[in-house]
file data.csv (CSV, C-alpha atoms)
chain,number,residue,atom,x,y,z
A,1,MET,CA,37.5,-14.0,-31.2
A,2,GLU,CA,35.5,-16.2,-33.5
A,3,ARG,CA,35.7,-19.0,-31.1
A,4,LYS,CA,34.4,-16.8,-28.2
A,5,HIS,CA,31.6,-15.6,-30.3
A,6,ARG,CA,30.5,-19.1,-31.2
A,7,ALA,CA,30.7,-20.2,-27.5
A,8,ARG,CA,28.0,-17.7,-26.5
A,9,ARG,CA,25.4,-18.7,-29.0
A,10,PRO,CA,22.3,-20.3,-27.6
A,11,GLY,CA,22.9,-23.5,-29.5
A,12,THR,CA,26.2,-24.3,-27.9
A,13,LEU,CA,26.7,-26.2,-24.6
A,14,ALA,CA,27.3,-23.0,-22.6
A,15,GLY,CA,24.2,-21.4,-24.1
A,16,ARG,CA,22.1,-24.5,-23.3
A,17,ALA,CA,23.5,-24.6,-19.8
A,18,GLY,CA,22.6,-21.0,-19.2
A,19,GLY,CA,19.1,-21.6,-20.5
A,20,TRP,CA,18.7,-24.6,-18.1
A,21,ALA,CA,20.0,-22.6,-15.2
A,22,GLY,CA,17.5,-19.8,-15.9
A,23,LEU,CA,14.7,-22.3,-16.2
A,24,ALA,CA,15.7,-24.0,-12.9
A,25,ALA,CA,15.9,-20.7,-11.1
A,26,ALA,CA,12.4,-19.8,-12.4
A,27,TRP,CA,11.0,-23.2,-11.2
A,28,LEU,CA,12.7,-22.7,-7.8
A,29,TYR,CA,11.2,-19.3,-7.4
A,30,PHE,CA,7.7,-20.7,-8.4
A,31,PHE,CA,8.2,-23.5,-5.9
A,32,ILE,CA,9.1,-21.1,-3.1
A,33,ILE,CA,6.0,-18.9,-3.8
A,34,ALA,CA,3.5,-21.6,-4.7
A,35,VAL,CA,4.0,-24.3,-2.1
A,36,PRO,CA,3.2,-22.1,1.0
A,37,LEU,CA,0.0,-20.8,-0.8
A,38,LEU,CA,-1.0,-24.3,-1.8
A,39,TRP,CA,-0.4,-25.6,1.7
A,40,MET,CA,-2.4,-22.8,3.2
A,41,ALA,CA,-5.3,-23.4,0.8
A,42,VAL,CA,-5.3,-27.2,1.4
A,43,SER,CA,-4.9,-26.9,5.2
A,44,SER,CA,-7.8,-24.5,5.3
A,45,PHE,CA,-10.1,-27.5,4.6
A,46,LYS,CA,-8.7,-29.6,7.4
A,47,THR,CA,-9.5,-29.7,11.1
A,48,THR,CA,-7.0,-28.1,13.5
A,49,ASN,CA,-5.8,-31.6,14.6
A,50,GLU,CA,-5.2,-32.6,11.0
A,51,ILE,CA,-3.1,-29.6,10.4
A,52,PHE,CA,-0.6,-30.7,13.1
A,53,ASN,CA,-0.9,-34.5,12.6
A,54,ASN,CA,-1.2,-34.7,8.8
A,55,ILE,CA,0.8,-31.6,7.7
A,56,TRP,CA,1.4,-32.5,4.0
A,57,GLY,CA,-1.6,-34.8,3.3
A,58,LEU,CA,-5.0,-34.1,1.9
A,59,PRO,CA,-7.9,-33.7,4.3
A,60,GLU,CA,-9.6,-36.8,5.3
A,61,GLN,CA,-12.9,-34.9,5.0
A,62,TRP,CA,-13.0,-31.5,3.4
A,63,GLN,CA,-14.2,-29.0,6.0
A,64,PHE,CA,-16.0,-26.3,3.9
A,65,GLN,CA,-17.6,-25.0,7.1
A,66,ASN,CA,-14.2,-23.4,8.0
A,67,TYR,CA,-14.9,-20.8,5.3
A,68,VAL,CA,-18.4,-20.2,6.5
A,69,GLN,CA,-17.2,-19.8,10.1
A,70,ALA,CA,-14.3,-17.5,9.0
A,71,TRP,CA,-16.7,-15.4,6.9
A,72,ASN,CA,-19.3,-15.1,9.6
A,73,SER,CA,-16.7,-14.3,12.3
A,74,GLY,CA,-15.7,-11.0,10.8
A,75,ILE,CA,-13.7,-11.7,7.6
A,76,SER,CA,-16.7,-10.6,5.5
A,77,ARG,CA,-16.6,-7.1,7.1
A,78,TYR,CA,-12.8,-6.8,6.6
A,79,PHE,CA,-13.1,-8.1,3.1
A,80,VAL,CA,-15.7,-5.5,2.1
A,81,ASN,CA,-13.6,-2.7,3.6
A,82,SER,CA,-10.6,-3.8,1.7
A,83,VAL,CA,-12.5,-4.1,-1.6
A,84,PHE,CA,-13.9,-0.6,-1.1
A,85,THR,CA,-10.5,0.9,-0.2
A,86,THR,CA,-8.7,-0.9,-3.0
A,87,VAL,CA,-11.2,0.0,-5.7
A,88,CYS,CA,-11.4,3.6,-4.7
A,89,THR,CA,-7.6,3.9,-4.4
A,90,VAL,CA,-7.1,2.4,-7.9
A,91,LEU,CA,-9.7,4.6,-9.5
A,92,LEU,CA,-8.5,7.8,-7.9
A,93,THR,CA,-4.9,7.0,-8.7
A,94,LEU,CA,-5.6,6.2,-12.4
A,95,LEU,CA,-7.9,9.2,-12.8
A,96,VAL,CA,-5.4,11.8,-11.4
A,97,CYS,CA,-2.4,10.2,-13.2
A,98,ALA,CA,-4.2,10.0,-16.5
A,99,LEU,CA,-5.2,13.7,-16.4
A,100,TYR,CA,-1.7,14.8,-15.2
A,101,ALA,CA,0.2,12.6,-17.7
A,102,TYR,CA,-2.0,13.7,-20.6
A,103,SER,CA,-1.3,17.4,-19.8
A,104,ILE,CA,2.5,16.8,-19.5
A,105,ALA,CA,2.7,14.5,-22.6
A,106,VAL,CA,0.6,16.5,-25.0
A,107,TYR,CA,1.2,20.2,-24.2
A,108,ASP,CA,4.4,22.2,-24.3
A,109,PHE,CA,4.5,25.0,-21.7
A,110,LYS,CA,7.0,26.8,-19.5
A,111,GLY,CA,8.0,24.8,-16.5
A,112,LYS,CA,6.9,21.5,-18.0
A,113,ARG,CA,10.0,19.7,-16.8
A,114,ALA,CA,9.6,21.1,-13.3
A,115,PHE,CA,6.0,19.7,-13.2
A,116,PHE,CA,7.2,16.4,-14.5
A,117,LEU,CA,9.9,16.2,-11.7
A,118,LEU,CA,7.4,17.3,-9.1
A,119,ALA,CA,5.2,14.4,-10.0
A,120,LEU,CA,8.1,12.0,-9.5
A,121,ALA,CA,9.1,13.6,-6.1
A,122,GLY,CA,6.8,11.2,-4.3
A,123,MET,CA,9.1,8.4,-5.1
A,124,LEU,CA,11.8,10.0,-2.9
A,125,PHE,CA,9.9,9.9,0.4
A,126,SER,CA,9.4,6.8,2.5
A,127,PRO,CA,5.8,6.4,3.7
A,128,ILE,CA,6.9,5.4,7.2
A,129,VAL,CA,8.9,8.6,7.6
A,130,SER,CA,5.9,10.8,7.0
A,131,ILE,CA,3.5,9.0,9.3
A,132,ILE,CA,3.6,11.7,12.1
A,133,PRO,CA,2.8,14.7,9.8
A,134,LEU,CA,0.2,12.5,8.0
A,135,TYR,CA,-1.4,11.7,11.3
A,136,GLN,CA,-1.7,15.4,12.2
A,137,GLU,CA,-3.1,16.2,8.7
A,138,VAL,CA,-5.7,13.4,9.0
A,139,GLN,CA,-6.8,14.7,12.4
A,140,THR,CA,-7.0,18.3,11.0
A,141,LEU,CA,-9.2,17.1,8.1
A,142,HIS,CA,-11.4,15.0,10.4
A,143,LEU,CA,-10.6,11.9,8.4
A,144,TYR,CA,-9.3,9.8,11.3
A,145,ASN,CA,-11.2,6.5,11.7
A,146,THR,CA,-12.5,6.7,8.1
A,147,LEU,CA,-11.5,4.6,5.1
A,148,TRP,CA,-11.0,7.9,3.1
A,149,ALA,CA,-7.9,8.6,5.1
A,150,LEU,CA,-6.4,5.3,3.8
A,151,ILE,CA,-7.7,5.9,0.3
A,152,LEU,CA,-6.1,9.3,0.0
A,153,ILE,CA,-2.8,8.2,1.5
A,154,TYR,CA,-2.5,5.1,-0.6
A,155,ALA,CA,-3.3,7.0,-3.8
A,156,ALA,CA,-0.8,9.7,-3.0
A,157,TYR,CA,2.0,7.3,-2.5
A,158,GLN,CA,1.2,5.3,-5.7
A,159,MET,CA,0.7,8.2,-8.0
A,160,ALA,CA,4.4,8.8,-8.7
A,161,MET,CA,5.1,5.3,-10.2
A,162,SER,CA,1.7,5.2,-12.0
A,163,PHE,CA,2.3,8.6,-13.5
A,164,LEU,CA,5.7,7.6,-14.8
A,165,VAL,CA,4.4,4.5,-16.5
A,166,ILE,CA,1.4,6.2,-18.0
A,167,HIS,CA,3.2,9.3,-19.1
A,168,ASN,CA,5.9,7.3,-20.9
A,169,PHE,CA,3.2,5.5,-22.9
A,170,PHE,CA,1.2,8.7,-23.6
A,171,ALA,CA,4.4,10.4,-24.9
A,172,ASP,CA,4.9,7.6,-27.4
A,173,ILE,CA,1.5,7.9,-28.9
A,174,ASP,CA,1.6,9.6,-32.3
A,175,LYS,CA,0.1,13.1,-32.0
A,176,ALA,CA,-1.4,12.6,-35.5
A,177,TYR,CA,-4.3,10.8,-33.8
A,178,LEU,CA,-4.9,13.9,-31.5
A,179,ASP,CA,-4.6,16.3,-34.5
A,180,ALA,CA,-7.1,14.3,-36.5
A,181,ALA,CA,-9.5,14.2,-33.5
A,182,ARG,CA,-9.2,17.9,-33.0
A,183,ILE,CA,-10.1,18.6,-36.6
A,184,ASP,CA,-13.3,16.7,-36.0
A,185,GLY,CA,-14.0,18.9,-33.0
A,186,CYS,CA,-12.9,16.5,-30.3
A,187,THR,CA,-12.2,18.1,-26.9
A,188,ASP,CA,-9.2,17.1,-24.7
A,189,GLY,CA,-11.5,15.1,-22.4
A,190,ARG,CA,-12.9,13.1,-25.3
A,191,ALA,CA,-9.5,12.6,-26.8
A,192,LEU,CA,-8.2,11.3,-23.5
A,193,TRP,CA,-11.2,9.0,-23.0
A,194,ASN,CA,-11.6,7.8,-26.6
A,195,ILE,CA,-8.0,7.7,-27.9
A,196,TYR,CA,-5.3,7.7,-25.2
A,197,ILE,CA,-6.9,5.5,-22.6
A,198,PRO,CA,-8.0,2.7,-25.0
A,199,MET,CA,-4.6,2.7,-26.6
A,200,SER,CA,-2.9,2.6,-23.2
A,201,ARG,CA,-4.9,-0.3,-21.7
A,202,PRO,CA,-1.9,-2.4,-20.8
A,203,VAL,CA,-0.2,0.4,-18.8
A,204,PHE,CA,-3.4,1.2,-17.0
A,205,LEU,CA,-3.9,-2.4,-16.0
A,206,THR,CA,-0.3,-2.5,-14.9
A,207,SER,CA,-0.8,0.5,-12.7
A,208,ALA,CA,-4.0,-1.0,-11.4
A,209,VAL,CA,-2.3,-4.2,-10.4
A,210,LEU,CA,0.6,-2.4,-8.7
A,211,THR,CA,-1.7,0.0,-6.9
A,212,GLY,CA,-4.3,-2.6,-6.0
A,213,PHE,CA,-1.7,-5.0,-4.6
A,214,TYR,CA,-0.3,-2.2,-2.4
A,215,ALA,CA,-3.7,-1.0,-1.1
A,216,TRP,CA,-4.9,-4.6,-0.4
A,217,ASN,CA,-1.8,-5.6,1.6
A,218,GLU,CA,-0.8,-2.3,3.3
A,219,PHE,CA,-0.7,-2.7,7.1
A,220,THR,CA,1.0,0.3,8.9
A,221,PHE,CA,-1.3,3.1,7.8
A,222,ALA,CA,-4.4,0.9,8.3
A,223,LEU,CA,-3.2,0.1,11.8
A,224,VAL,CA,-2.5,3.7,12.7
A,225,PHE,CA,-5.4,5.6,11.1
A,226,VAL,CA,-8.3,3.2,11.6
A,227,LYS,CA,-9.2,2.0,15.1
A,228,LYS,CA,-12.8,1.1,14.7
A,229,ASP,CA,-13.2,-2.7,14.2
A,230,ALA,CA,-16.0,-2.1,11.7
A,231,LEU,CA,-13.7,-0.2,9.4
A,232,LYS,CA,-10.6,-2.4,9.6
A,233,THR,CA,-9.2,-3.8,6.3
A,234,ILE,CA,-8.0,-7.4,5.7
A,235,PRO,CA,-4.4,-7.1,7.0
A,236,VAL,CA,-5.3,-5.4,10.3
A,237,GLY,CA,-8.5,-7.4,10.6
A,238,LEU,CA,-6.6,-10.6,10.3
A,239,LEU,CA,-4.4,-9.6,13.2
A,240,ALA,CA,-7.5,-9.3,15.5
A,241,PHE,CA,-9.0,-12.4,13.9
A,242,GLN,CA,-5.9,-14.3,14.8
A,243,GLY,CA,-6.3,-13.3,18.4
A,244,GLU,CA,-9.9,-14.6,18.4
A,245,MET,CA,-9.0,-17.8,16.6
A,246,HIS,CA,-5.7,-18.6,18.3
A,247,ALA,CA,-6.9,-22.2,18.8
A,248,GLU,CA,-8.7,-22.6,15.5
A,249,TRP,CA,-5.9,-22.7,13.0
A,250,ALA,CA,-8.1,-24.2,10.3
A,251,VAL,CA,-10.5,-21.3,10.5
A,252,LEU,CA,-7.6,-18.8,10.6
A,253,LEU,CA,-6.1,-20.4,7.4
A,254,ALA,CA,-9.5,-20.2,5.8
A,255,GLY,CA,-9.6,-16.5,6.5
A,256,LEU,CA,-6.1,-16.0,5.1
A,257,THR,CA,-7.1,-17.9,2.0
A,258,ILE,CA,-10.1,-15.6,1.5
A,259,SER,CA,-7.9,-12.6,1.8
A,260,ALA,CA,-5.4,-13.9,-0.8
A,261,ILE,CA,-7.9,-15.1,-3.4
A,262,PRO,CA,-9.0,-11.7,-4.9
A,263,ILE,CA,-5.6,-10.2,-5.5
A,264,ILE,CA,-4.3,-13.5,-7.0
A,265,LEU,CA,-7.2,-13.8,-9.4
A,266,PHE,CA,-6.9,-10.1,-10.3
A,267,TYR,CA,-3.2,-10.6,-11.1
A,268,ILE,CA,-3.9,-13.8,-13.2
A,269,PHE,CA,-6.6,-12.0,-15.1
A,270,CYS,CA,-4.3,-9.0,-15.9
A,271,GLN,CA,-1.1,-11.0,-16.3
A,272,LYS,CA,-0.6,-10.6,-20.0
A,273,TYR,CA,-1.5,-6.9,-19.9
A,274,PHE,CA,0.7,-6.5,-16.8
A,275,ILE,CA,3.8,-7.8,-18.7
A,276,ALA,CA,3.0,-5.8,-21.8
A,277,GLY,CA,2.5,-2.7,-19.7
A,278,LEU,CA,5.9,-3.1,-18.0
A,279,SER,CA,7.7,-3.6,-21.3
A,280,SER,CA,6.0,-0.7,-23.1
A,281,GLY,CA,5.6,1.9,-20.3
A,282,GLY,CA,8.7,1.3,-18.2
A,283,VAL,CA,11.4,3.8,-17.4
A,284,LYS,CA,13.3,5.0,-20.4
A,285,GLY,CA,16.6,6.6,-20.8
call {"tool": "encode", "arguments": {"input": "data.csv", "output": "structure tokens"}}
result
Amino acid sequence: MERKHRARRPGTLAGRAGGWAGLAAAWLYFFIIAVPLLWMAVSSFKTTNEIFNNIWGLPEQWQFQNYVQAWNSGISRYFVNSVFTTVCTVLLTLLVCALYAYSIAVYDFKGKRAFFLLALAGMLFSPIVSIIPLYQEVQTLHLYNTLWALILIYAAYQMAMSFLVIHNFFADIDKAYLDAARIDGCTDGRALWNIYIPMSRPVFLTSAVLTGFYAWNEFTFALVFVKKDALKTIPVGLLAFQGEMHAEWAVLLAGLTISAIPIILFYIFCQKYFIAGLSSGGVKG
């Protein structure tokens, strides 16, 4: 037994081999993700002929006009629509989840568990399964061909996970802070804004990243509920853009790079908070 215990220690040969295997797997995963993105970014500065004749080399002359052409050909409109949709979805999701999580975490009332489970019920339904009733509802509310149809649907499907993460963190905050604030005459709204939200910044940024990533890249609902070209978001807009630029691969890659940059930068900026939020506000037994 002693021998087995020593064999599993990190300093032993088996422990070092496991560490190297994990490191190799991490680098392999990074390679699989990073190389296509890097190739796309570099190729976006080439001519279309260079993309096919010099696949892995650097551009002979950096074609910055590819980005200008892509932006002026419609990517700017799709980009603005995606930014508006994503920002509104994130704000609406965090606002509703913060209010609901605060009421469940702070107050004890009859049926509290039922309300908690009701909030998580959204995780049981696939978005694609509900597309027909959602289409009927959007038509009834006269939201068809509006970005608000996407915002409300995206927020609805992201609230369950965001609520779970935020609620778990709120429940761990010592209520002594709230009691002290109430003694000083602090209302629930001010307690939420001045105490709970600042102390929960990592989980809010985690929820923002997850919600923003979903809203930025969602394709099916954006294709079904928005038909006007002026209101299309990046994923659907790039589909139309690809048809227009079927012979201009360099311009198309420039458009794809433009669509990828915001969410990558947002994730890099929030990375340390994202990891902290996942570890502190994750699912607990």
call {"tool": "closest_residue", "arguments": {"input": "data.csv", "among": "A:Val236, A:Asn194, A:Leu147, A:Met159", "to": "Phe84 of chain A", "atoms": "only C-alpha atoms"}}
result
A:Leu147
call {"tool": "residues_around", "arguments": {"input": "data.csv", "residues": "Ser103 of chain A", "least_positions_apart": "4", "cutoff": "12 Å", "atoms": "only C-alpha atoms", "output": "JSON, numbers by chain"}}
result
{"A": [96, 97, 98, 99, 107, 108, 109, 112, 113, 115, 116, 163, 166, 167, 170, 171, 188, 189, 191, 192, 196]}
call {"tool": "atom_distance", "arguments": {"input": "data.csv", "atom1": "atom CA of Ala41 of chain A", "atom2": "atom CA of Thr257 of chain A"}}
result
5.9 Å
call {"tool": "closest_residue", "arguments": {"input": "data.csv", "among": "A:Ile33, A:Ala25, A:Val42, A:Asn145", "to": "Leu253 of chain A", "atoms": "all atoms listed in the file"}}
result
A:Val42
call {"tool": "closest_atom_pairs", "arguments": {"input": "data.csv", "of": "segment 82-156 of chain A", "to": "segment 205-214 of chain A", "cutoff": "10 Å", "atoms": "only C-alpha atoms", "output": "Markdown table"}}
result
| residue | atom | partner | partner_atom | distance |
| --- | --- | --- | --- | --- |
| A:Val83 | CA | A:Gly212 | CA | 9.4 |
| A:Thr85 | CA | A:Gly212 | CA | 9.2 |
| A:Thr86 | CA | A:Gly212 | CA | 5.6 |
| A:Val87 | CA | A:Gly212 | CA | 7.4 |
| A:Cys88 | CA | A:Gly212 | CA | 9.5 |
| A:Thr89 | CA | A:Gly212 | CA | 7.5 |
| A:Val90 | CA | A:Ala208 | CA | 5.8 |
| A:Leu91 | CA | A:Ala208 | CA | 8.2 |
| A:Thr93 | CA | A:Thr211 | CA | 7.9 |
| A:Leu94 | CA | A:Ala208 | CA | 7.4 |
| A:Cys97 | CA | A:Ser207 | CA | 9.8 |
| A:Tyr154 | CA | A:Tyr214 | CA | 7.8 |
| A:Ala155 | CA | A:Thr211 | CA | 7.8 |
call {"tool": "residues_around", "arguments": {"input": "data.csv", "residues": "Ala181 of chain A", "least_positions_apart": "6", "cutoff": "9 Å", "atoms": "only C-alpha atoms", "output": "list in words"}}
result
Thr187, Arg190, Ala191 and Ile195 of chain A
call {"tool": "atom_distance", "arguments": {"input": "data.csv", "atom1": "atom CA of Ala215 of chain A", "atom2": "atom CA of Asp172 of chain A"}}
result
29.0 Å
call {"tool": "closest_residue", "arguments": {"input": "data.csv", "among": "A:Phe225, A:Tyr267, A:Phe45, A:Trp39", "to": "Trp148 of chain A", "atoms": "all atoms listed in the file"}}
result
A:Phe225
call {"tool": "atom_distance", "arguments": {"input": "data.csv", "atom1": "atom CA of Ala156 of chain A", "atom2": "atom CA of Pro127 of chain A"}}
result
10.0 Å
call {"tool": "closest_residue", "arguments": {"input": "data.csv", "among": "A:Trp62, A:Asn168, A:Ile51, A:Ala149", "to": "Tyr102 of chain A", "atoms": "only C-alpha atoms"}}
result
A:Asn168
call {"tool": "decode", "arguments": {"input": "data.csv", "residues": "segment 169-180 of chain A", "atoms": "all heavy atoms", "output": "CSV table (one decimal), in the first residue's frame"}}
result
chain,number,residue,atom,x,y,z
A,169,PHE,N,-23.5,31.9,-6.0
A,169,PHE,CA,-22.6,32.9,-5.4
A,169,PHE,C,-23.3,33.8,-4.4
A,169,PHE,O,-22.8,34.1,-3.3
A,169,PHE,CB,-21.9,33.8,-6.5
A,169,PHE,CG,-20.7,34.5,-6.0
A,169,PHE,CD1,-19.5,33.9,-6.2
A,169,PHE,CD2,-20.8,35.7,-5.4
A,169,PHE,CE1,-18.3,34.5,-5.7
A,169,PHE,CE2,-19.6,36.4,-5.0
A,169,PHE,CZ,-18.4,35.8,-5.1
A,170,PHE,N,-24.5,34.3,-4.7
A,170,PHE,CA,-25.2,35.1,-3.8
A,170,PHE,C,-25.5,34.4,-2.5
A,170,PHE,O,-25.5,34.9,-1.4
A,170,PHE,CB,-26.6,35.5,-4.4
A,170,PHE,CG,-26.5,36.7,-5.3
A,170,PHE,CD1,-25.2,37.3,-5.7
A,170,PHE,CD2,-27.6,37.3,-5.8
A,170,PHE,CE1,-25.2,38.3,-6.5
A,170,PHE,CE2,-27.6,38.4,-6.7
A,170,PHE,CZ,-26.3,38.9,-7.0
A,171,ALA,N,-25.8,33.1,-2.6
A,171,ALA,CA,-26.1,32.3,-1.4
A,171,ALA,C,-25.0,32.1,-0.5
A,171,ALA,O,-25.1,31.9,0.7
A,171,ALA,CB,-26.7,30.9,-1.8
A,172,ASP,N,-23.7,32.3,-1.0
A,172,ASP,CA,-22.5,32.1,-0.2
A,172,ASP,C,-22.1,33.4,0.5
A,172,ASP,O,-21.2,33.4,1.3
A,172,ASP,CB,-21.4,31.6,-1.0
A,172,ASP,CG,-21.5,30.1,-1.2
A,172,ASP,OD1,-22.3,29.4,-0.5
A,172,ASP,OD2,-20.8,29.5,-2.1
A,173,ILE,N,-22.7,34.5,0.1
A,173,ILE,CA,-22.3,35.8,0.7
A,173,ILE,C,-22.9,35.9,2.1
A,173,ILE,O,-24.1,35.6,2.3
A,173,ILE,CB,-22.8,37.0,-0.2
A,173,ILE,CG1,-22.1,37.0,-1.5
A,173,ILE,CG2,-22.6,38.3,0.5
A,173,ILE,CD1,-22.6,38.1,-2.5
A,174,ASP,N,-22.1,36.2,3.0
A,174,ASP,CA,-22.5,36.3,4.4
A,174,ASP,C,-23.6,37.4,4.6
A,174,ASP,O,-23.4,38.5,4.2
A,174,ASP,CB,-21.3,36.7,5.3
A,174,ASP,CG,-21.5,36.5,6.8
A,174,ASP,OD1,-22.7,36.4,7.2
A,174,ASP,OD2,-20.6,36.4,7.6
A,175,LYS,N,-24.7,37.0,5.2
A,175,LYS,CA,-25.8,37.9,5.3
A,175,LYS,C,-25.6,39.0,6.4
A,175,LYS,O,-26.4,39.9,6.5
A,175,LYS,CB,-27.1,37.1,5.7
A,175,LYS,CG,-27.6,36.2,4.6
A,175,LYS,CD,-29.0,35.6,4.9
A,175,LYS,CE,-29.5,34.8,3.7
A,175,LYS,NZ,-30.8,34.2,4.0
A,176,ALA,N,-24.4,38.9,7.0
A,176,ALA,CA,-24.1,39.9,8.0
A,176,ALA,C,-23.9,41.3,7.2
A,176,ALA,O,-24.2,42.3,7.8
A,176,ALA,CB,-22.8,39.6,8.7
A,177,TYR,N,-23.4,41.2,6.0
A,177,TYR,CA,-23.3,42.4,5.2
A,177,TYR,C,-24.6,43.0,5.0
A,177,TYR,O,-24.8,44.3,5.1
A,177,TYR,CB,-22.6,42.1,3.9
A,177,TYR,CG,-21.2,41.6,4.0
A,177,TYR,CD1,-20.8,40.3,3.8
A,177,TYR,CD2,-20.1,42.5,4.2
A,177,TYR,CE1,-19.5,39.9,3.9
A,177,TYR,CE2,-18.8,42.1,4.3
A,177,TYR,CZ,-18.5,40.8,4.1
A,177,TYR,OH,-17.2,40.4,4.2
A,178,LEU,N,-25.6,42.2,4.6
A,178,LEU,CA,-26.9,42.7,4.4
A,178,LEU,C,-27.6,43.3,5.6
A,178,LEU,O,-28.2,44.3,5.6
A,178,LEU,CB,-27.8,41.6,3.8
A,178,LEU,CG,-29.3,42.0,3.4
A,178,LEU,CD1,-29.3,43.1,2.4
A,178,LEU,CD2,-30.0,40.8,2.9
A,179,ASP,N,-27.4,42.6,6.8
A,179,ASP,CA,-28.0,43.0,8.0
A,179,ASP,C,-27.4,44.4,8.4
A,179,ASP,O,-28.1,45.3,8.9
A,179,ASP,CB,-27.7,42.0,9.1
A,179,ASP,CG,-28.4,40.7,8.9
A,179,ASP,OD1,-29.5,40.7,8.2
A,179,ASP,OD2,-28.0,39.7,9.4
A,180,ALA,N,-26.1,44.5,8.3
A,180,ALA,CA,-25.4,45.8,8.6
A,180,ALA,C,-25.9,46.9,7.7
A,180,ALA,O,-26.1,48.1,8.1
A,180,ALA,CB,-23.9,45.7,8.5
